[in-house]
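Inspection log for the structure reproduced underneath, given as structure tokens.
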Amino acid sequence: MTNAREISVEYLARVEGEGSMRVKVVDDQIEDVEFSIFEPPRFFEAFLRGRPHTDAPDITARICGICPIAYQMSSVHAMEDAFDVTVGGALRELRRLIYCGEWIESHVLHVYLLHAPDFLGYESGIHMAADHREVVERGLRMKKAGNDIVALLGGREIHPINVRVGGFYRVPTKKELEALVPELEWAKDAAIETIKWTSEFTFPEAELDFEYVSVCHPDEYPFNEGNIASSKGIDIPISQFNDFFTEEHVERSNALHSRVRGRGAYHVGPLARYAINFEKLTPLAQKCAAEAGLGPVVNNPFKSIIVRSVETLYAIEEALRIIDEYVEPAESWVRYIPKAAVGHGATEAPRGMLYHQYRLEEDGRIADAQITPPTAQNQLTIESDLRFVLEQHLDLPDPELSWVLEQSIRNYDPCISCATHFLDLTVERV
Amino acid sequence: MGDDAAGPIVLDRLAGRLPDTVALIESVGDATHLLETWRDTDLTIVVDAVVSGGVPGTIHRIDGIQGFPAAWRSASTHLVGLAEAIDLGGAVGVLPEAMVVCGIEIDRVGPGVGLAPEIDAAVDNVVEIVVGLCADYA
């Protein structure tokens, strides 16, 4: 007699957007594993066609409420690549600073309210708060420190409006930035506590062979600039992204699945950035990582919660450094002349590398756009992890098995809203 | 914006009509921001557009602390919204002493269409409700 088990989670909780998971096991053999994205396609690339290139930062920021800065940054870098614009000095530093704000708010939200409940056995962050009030309050206060950076530099906390191609519409005064310092100093200590707290969780055993991919800069932990590097030997300019990576449509999902050409799944996000750029973390972040039991490469995806906490500490330290060294620039943006060209940008969203490519007309209008978000790039790896976790835990009853499978999806802090994608729409009328 | 601008327009029309002890704050709805605005307050009045299947222009007035309607809870997990912020605020003890939520049932949300006449009238009515609540609480 056939013994079939099917676990379906029709609506994944504590992730951004609408996705589902389905696994099927027959006679202890895994027959099917699917992580699906059913959120409707959103046609952002089509919206952009024909619009002025200056619209791209504000339109693409609307793709995601939790990582709008990543969309703004990848779009402006792509435009600047096309128009041969270099943004340096204080403007470049302010871009790193606003990215620090986004990492802090996004990472802290995920660590405290979305992922920690998995490790501590709570249905949600709200349930967890009933028993761990001080911890959750610490998380909320840390998140606010990140929100405040984004609000100051971006004009508002969500869907910021102050980023433009070439720089910003308005730059902050030194005094405005210095007002952020006391709370960031507090947040630095809180981040150290967060690393200790998360390192004491119990982690499922998992040592997986990932191909990690991230932006890699010779001198700094990556936010905005660098090459694209992988743990298996890729080291290319951003403009060669499509030569080494490919996207394909899978029928069950409204997100494209990405692969390394000729190889397969790859992994973007905190674990990838950390593995490829560990030596560029601050000495304090490296020390805290070591004290939390992490080596320079972490291959257990469940420990991404610790790495996210280490990156939060890094972002806070980097924000403090930038504020300390800031000298207000004479101009808020670098002027340029649009031209017909193709531009590429890849920056590090909290949940991984975000690639944009634009083909621009002579007058600066967008002829074509490609946006490859991190969750789409991770989708195959998430399914591969689900298969591994399933093999390891087949003996668990269904509720516990479902819990660890959902937990393994949340290791990636997936942003399904971002990943939802549709390249083209054909309506056939007869 | 269309009818979904009802909340910010209520704020605009309240300008100059409330005592100095009342702060008018526009929020994007992020729980962290909402909780910060609620901390150590006596009365919070939340005004927002809602779509719950009712007649456009209807004003839903509820006690935010005692019972948030299930129909107003977001079916999405995007961000942590008002209902979750109230739950979280209760768990960490930062809810105001009293909270009134005024939801204005809306219809049209197309860009640049402005408020429909029935929504415009509802906005005026909510302004008077807020002025009255603040006067009662003073």
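A note on labels: chains of the structure tokens are A, B, ... as shown, every chain counts residues from 1, and ligands are counted from 1 in their shown order.
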
Counting only C-alpha atoms, which residues of chain B fall within 9 Å of chain A, and what is the closest atom pair for each with its distance in Å at one decimal, ordered by chain and rising number, as JSON lines?
{"residue": "B:Val28", "atom": "CA", "partner": "A:Ile158", "partner_atom": "CA", "distance": 6.8}
{"residue": "B:Asp30", "atom": "CA", "partner": "A:Ile158", "partner_atom": "CA", "distance": 8.1}
{"residue": "B:Ala31", "atom": "CA", "partner": "A:Leu140", "partner_atom": "CA", "distance": 9.0}
{"residue": "B:Thr32", "atom": "CA", "partner": "A:Leu140", "partner_atom": "CA", "distance": 6.1}
{"residue": "B:His33", "atom": "CA", "partner": "A:Lys144", "partner_atom": "CA", "distance": 7.5}
{"residue": "B:Leu35", "atom": "CA", "partner": "A:Leu140", "partner_atom": "CA", "distance": 8.9}
{"residue": "B:Glu36", "atom": "CA", "partner": "A:Lys144", "partner_atom": "CA", "distance": 8.8}
{"residue": "B:Ser76", "atom": "CA", "partner": "A:Gly17", "partner_atom": "CA", "distance": 6.6}
{"residue": "B:Thr77", "atom": "CA", "partner": "A:Glu16", "partner_atom": "CA", "distance": 5.7}
{"residue": "B:His78", "atom": "CA", "partner": "A:Glu16", "partner_atom": "CA", "distance": 5.0}
{"residue": "B:Leu79", "atom": "CA", "partner": "A:Glu16", "partner_atom": "CA", "distance": 7.0}
{"residue": "B:Glu84", "atom": "CA", "partner": "A:Ile126", "partner_atom": "CA", "distance": 7.7}
{"residue": "B:Ala85", "atom": "CA", "partner": "A:Ile126", "partner_atom": "CA", "distance": 8.9}
{"residue": "B:Asp87", "atom": "CA", "partner": "A:Ile126", "partner_atom": "CA", "distance": 6.6}
{"residue": "B:Leu88", "atom": "CA", "partner": "A:Ile126", "partner_atom": "CA", "distance": 5.3}
{"residue": "B:Gly89", "atom": "CA", "partner": "A:Ile126", "partner_atom": "CA", "distance": 8.9}
{"residue": "B:Gly90", "atom": "CA", "partner": "A:Ala130", "partner_atom": "CA", "distance": 8.7}
{"residue": "B:Ala91", "atom": "CA", "partner": "A:Ala130", "partner_atom": "CA", "distance": 5.1}
{"residue": "B:Val92", "atom": "CA", "partner": "A:Arg133", "partner_atom": "CA", "distance": 5.3}
{"residue": "B:Gly93", "atom": "CA", "partner": "A:Arg133", "partner_atom": "CA", "distance": 8.5}

Among segment 34-175 of chain A, which ones does DSSP assign to alpha helix (DSSP H) (computed from the backbone)? Answer as JSON, numbers by chain. {"A": [44, 45, 46, 47, 48, 56, 57, 58, 59, 60, 61, 68, 69, 70, 71, 72, 73, 74, 75, 76, 77, 78, 79, 80, 81, 82, 89, 90, 91, 92, 93, 94, 95, 96, 97, 98, 99, 100, 101, 102, 103, 104, 105, 106, 107, 108, 116, 117, 118, 119, 120, 125, 126, 127, 128, 129, 130, 131, 133, 134, 135, 136, 137, 138, 139, 140, 141, 142, 143, 144, 145, 146, 147, 148, 149, 150, 151, 152, 153, 154, 174, 175]}

For Ala138 of chain B, the nearest of the candidates B:Val109, B:Ala15, B:Ala83, B:Leu43, counting only C-alpha atoms: B:Leu43

So that I can see what lies close to segment 3-9 of chain B, please list as a PyMOL selection string the residues with an atom at most 6 Å from it, counting only C-alpha atoms and leaving out residues fewer than 5 positions away in the same chain. chain B and resi 47-49+106+108-109+115

Using only C-alpha atoms, which protein or nucleic acid residues come within 8 Å of Asp40 of chain B? Drop anything in the same chain fewer than 5 positions from it, and give the result as a PDB file with N, CA and C atoms, in the first residue's frame.
ATOM      1  N   VAL B  94       2.415  49.907  24.911  1.00  0.00           N
ATOM      2  CA  VAL B  94       2.540  51.309  24.489  1.00  0.00           C
ATOM      3  C   VAL B  94       1.252  51.838  23.854  1.00  0.00           C
ATOM      4  N   LEU B  95       0.130  51.208  24.128  1.00  0.00           N
ATOM      5  CA  LEU B  95      -1.111  51.729  23.572  1.00  0.00           C
ATOM      6  C   LEU B  95      -1.519  52.989  24.334  1.00  0.00           C
ATOM      7  N   PRO B  96      -2.218  53.903  23.672  1.00  0.00           N
ATOM      8  CA  PRO B  96      -2.745  55.072  24.385  1.00  0.00           C
ATOM      9  C   PRO B  96      -3.868  54.641  25.327  1.00  0.00           C
TER      10      PRO B  96
END

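With only C-alpha atoms as the atoms that count, the minimum distance from Thr86 of chain A to the choices A:Glu225, A:Glu362, A:Glu178, A:Asp413 is reached by A:Glu225.
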
Fewer than 4 positions away in the same chain doesn't count, so skip those; otherwise give me all residues within 10 Å of Ala23 of chain B, counting only C-alpha atoms, as a short mmCIF file (atom, residue, chain, number, x, y, z; two decimals) with C-alpha atoms, in the first residue's frame.
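Just written: selection13.cif:
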data_model
loop_
_atom_site.label_atom_id
_atom_site.label_comp_id
_atom_site.auth_asym_id
_atom_site.auth_seq_id
_atom_site.Cartn_x
_atom_site.Cartn_y
_atom_site.Cartn_z
CA LEU B 18 -7.27 71.91 17.60
CA PRO B 19 -5.61 72.90 20.89
CA THR B 37 3.24 58.16 17.99
CA THR B 44 -5.24 58.65 19.76
#

What is the distance, in Å and to one decimal place, between atom CA of Ala290 of chain A and atom CA of Thr312 of chain A? 15.4 Å

List every residue of chain B that DSSP, applied to the backbone of this structure, assigns to strand (DSSP E or B), and report them as a ChimeraX atom specification. /B:43-50,59-63,98-105

Env of Ile45 of chain B: 6 Å cut, atoms = only C-alpha atoms, seq-sep filter 6 positions within chain, self excluded. Answer as an NGL selection string. :B and (99-101)

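With atom CA of Asp42 of chain B on one side and atom CA of Arg13 of chain B on the other, the separation reads 22.4 Å.
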
Give me the residues near Tyr212 of chain A as number ranges by chain, where near means some atom within 12 Å (using only C-alpha atoms) and where sequence neighbours in that chain fewer than 5 positions away do not count. A: 228-235, 259-260, 264-277, 297-299, 301, 352-353, 377-378, 381

Limited to N, CA, C and O atoms, could you put the picked residues into a file as a CSV table (one decimal), in the first residue's frame?
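Below you can see again-v4.csv, which holds the result:
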chain,number,residue,atom,x,y,z
A,228,ILE,N,30.6,41.7,-9.6
A,228,ILE,CA,29.7,40.6,-9.1
A,228,ILE,C,30.7,39.4,-8.9
A,228,ILE,O,31.4,39.0,-9.9
A,229,ALA,N,30.7,38.9,-7.7
A,229,ALA,CA,31.6,37.8,-7.4
A,229,ALA,C,30.9,36.6,-6.9
A,229,ALA,O,29.8,36.7,-6.3
A,230,SER,N,31.4,35.4,-7.1
A,230,SER,CA,30.8,34.2,-6.6
A,230,SER,C,31.8,33.4,-5.8
A,230,SER,O,33.0,33.5,-6.1
A,231,SER,N,31.3,32.5,-5.0
A,231,SER,CA,32.2,31.6,-4.2
A,231,SER,C,32.8,30.5,-5.1
A,231,SER,O,33.7,29.8,-4.6
A,232,LYS,N,32.3,30.4,-6.3
A,232,LYS,CA,32.8,29.4,-7.2
A,232,LYS,C,33.5,30.0,-8.4
A,232,LYS,O,33.5,29.4,-9.5
A,233,GLY,N,34.1,31.2,-8.2
A,233,GLY,CA,35.0,31.7,-9.2
A,233,GLY,C,34.5,32.8,-10.1
A,233,GLY,O,35.3,33.3,-10.9
A,234,ILE,N,33.2,33.2,-10.1
A,234,ILE,CA,32.8,34.3,-11.0
A,234,ILE,C,33.4,35.6,-10.4
A,234,ILE,O,33.3,35.8,-9.2
A,235,ASP,N,33.9,36.4,-11.2
A,235,ASP,CA,34.3,37.8,-10.8
A,235,ASP,C,34.2,38.6,-12.1
A,235,ASP,O,35.1,38.7,-12.9
A,259,ARG,N,19.4,31.2,-12.6
A,259,ARG,CA,20.4,30.2,-12.5
A,259,ARG,C,21.8,30.8,-12.9
A,259,ARG,O,21.8,31.7,-13.7
A,260,VAL,N,22.9,30.2,-12.4
A,260,VAL,CA,24.2,30.4,-13.0
A,260,VAL,C,24.2,29.6,-14.3
A,260,VAL,O,23.9,28.4,-14.3
A,264,GLY,N,23.6,26.2,-12.3
A,264,GLY,CA,22.3,26.0,-11.6
A,264,GLY,C,22.1,27.0,-10.5
A,264,GLY,O,22.4,28.2,-10.7
A,265,ALA,N,21.5,26.5,-9.4
A,265,ALA,CA,21.0,27.4,-8.4
A,265,ALA,C,22.2,28.2,-7.7
A,265,ALA,O,23.3,27.7,-7.7
A,266,TYR,N,21.9,29.4,-7.3
A,266,TYR,CA,22.9,30.2,-6.5
A,266,TYR,C,22.2,30.9,-5.4
A,266,TYR,O,20.9,30.9,-5.3
A,267,HIS,N,22.9,31.5,-4.5
A,267,HIS,CA,22.4,32.1,-3.3
A,267,HIS,C,22.9,33.5,-3.1
A,267,HIS,O,24.1,33.8,-3.1
A,268,VAL,N,21.9,34.4,-3.0
A,268,VAL,CA,22.3,35.8,-2.7
A,268,VAL,C,21.7,36.2,-1.4
A,268,VAL,O,20.8,35.6,-0.9
A,269,GLY,N,22.3,37.2,-0.7
A,269,GLY,CA,21.8,37.7,0.6
A,269,GLY,C,22.9,37.8,1.6
A,269,GLY,O,24.1,37.7,1.3
A,270,PRO,N,22.5,37.9,2.9
A,270,PRO,CA,23.5,38.1,3.9
A,270,PRO,C,24.6,37.0,4.0
A,270,PRO,O,25.8,37.3,4.1
A,271,LEU,N,24.2,35.7,3.8
A,271,LEU,CA,25.2,34.7,3.9
A,271,LEU,C,26.2,34.8,2.8
A,271,LEU,O,27.4,34.6,2.9
A,272,ALA,N,25.7,35.2,1.6
A,272,ALA,CA,26.6,35.4,0.4
A,272,ALA,C,27.5,36.6,0.6
A,272,ALA,O,28.8,36.5,0.4
A,273,ARG,N,26.9,37.7,1.0
A,273,ARG,CA,27.8,38.9,1.2
A,273,ARG,C,28.9,38.6,2.3
A,273,ARG,O,30.0,39.0,2.1
A,274,TYR,N,28.4,38.0,3.3
A,274,TYR,CA,29.3,37.7,4.5
A,274,TYR,C,30.5,36.8,4.0
A,274,TYR,O,31.7,37.1,4.3
A,275,ALA,N,30.2,35.7,3.3
A,275,ALA,CA,31.2,34.8,2.9
A,275,ALA,C,32.2,35.4,1.9
A,275,ALA,O,33.4,35.2,1.9
A,276,ILE,N,31.7,36.3,1.0
A,276,ILE,CA,32.6,36.9,0.0
A,276,ILE,C,33.3,38.1,0.5
A,276,ILE,O,34.4,38.5,0.0
A,277,ASN,N,32.8,38.7,1.5
A,277,ASN,CA,33.3,40.0,2.0
A,277,ASN,C,33.7,40.1,3.4
A,277,ASN,O,33.8,41.2,4.0
A,297,VAL,N,33.0,31.9,6.8
A,297,VAL,CA,31.9,31.4,5.8
A,297,VAL,C,30.9,30.6,6.7
A,297,VAL,O,31.3,29.8,7.5
A,298,VAL,N,29.7,30.9,6.4
A,298,VAL,CA,28.6,30.2,7.1
A,298,VAL,C,27.7,29.4,6.1
A,298,VAL,O,27.2,30.1,5.2
A,299,ASN,N,27.7,28.1,6.2
A,299,ASN,CA,26.9,27.3,5.2
A,299,ASN,C,25.6,26.7,5.8
A,299,ASN,O,25.0,25.9,5.1
A,301,PRO,N,22.0,27.6,6.5
A,301,PRO,CA,21.1,28.8,6.2
A,301,PRO,C,20.3,29.2,7.4
A,301,PRO,O,19.9,30.4,7.5
A,352,GLY,N,19.6,40.6,-0.6
A,352,GLY,CA,20.5,40.1,-1.7
A,352,GLY,C,20.6,41.0,-2.9
A,352,GLY,O,20.0,42.1,-2.9
A,353,MET,N,21.5,40.6,-3.8
A,353,MET,CA,21.8,41.4,-4.9
A,353,MET,C,20.6,41.7,-5.8
A,353,MET,O,19.8,40.9,-6.2
A,377,GLN,N,16.2,35.3,-7.6
A,377,GLN,CA,17.5,34.7,-7.7
A,377,GLN,C,17.6,33.5,-6.7
A,377,GLN,O,18.3,32.5,-7.0
A,378,ASN,N,17.0,33.6,-5.6
A,378,ASN,CA,17.1,32.6,-4.5
A,378,ASN,C,16.1,31.5,-4.7
A,378,ASN,O,16.1,30.5,-3.9
A,381,THR,N,17.3,28.0,-5.0
A,381,THR,CA,18.0,27.6,-3.8
A,381,THR,C,17.1,27.3,-2.6
A,381,THR,O,17.3,26.3,-1.9
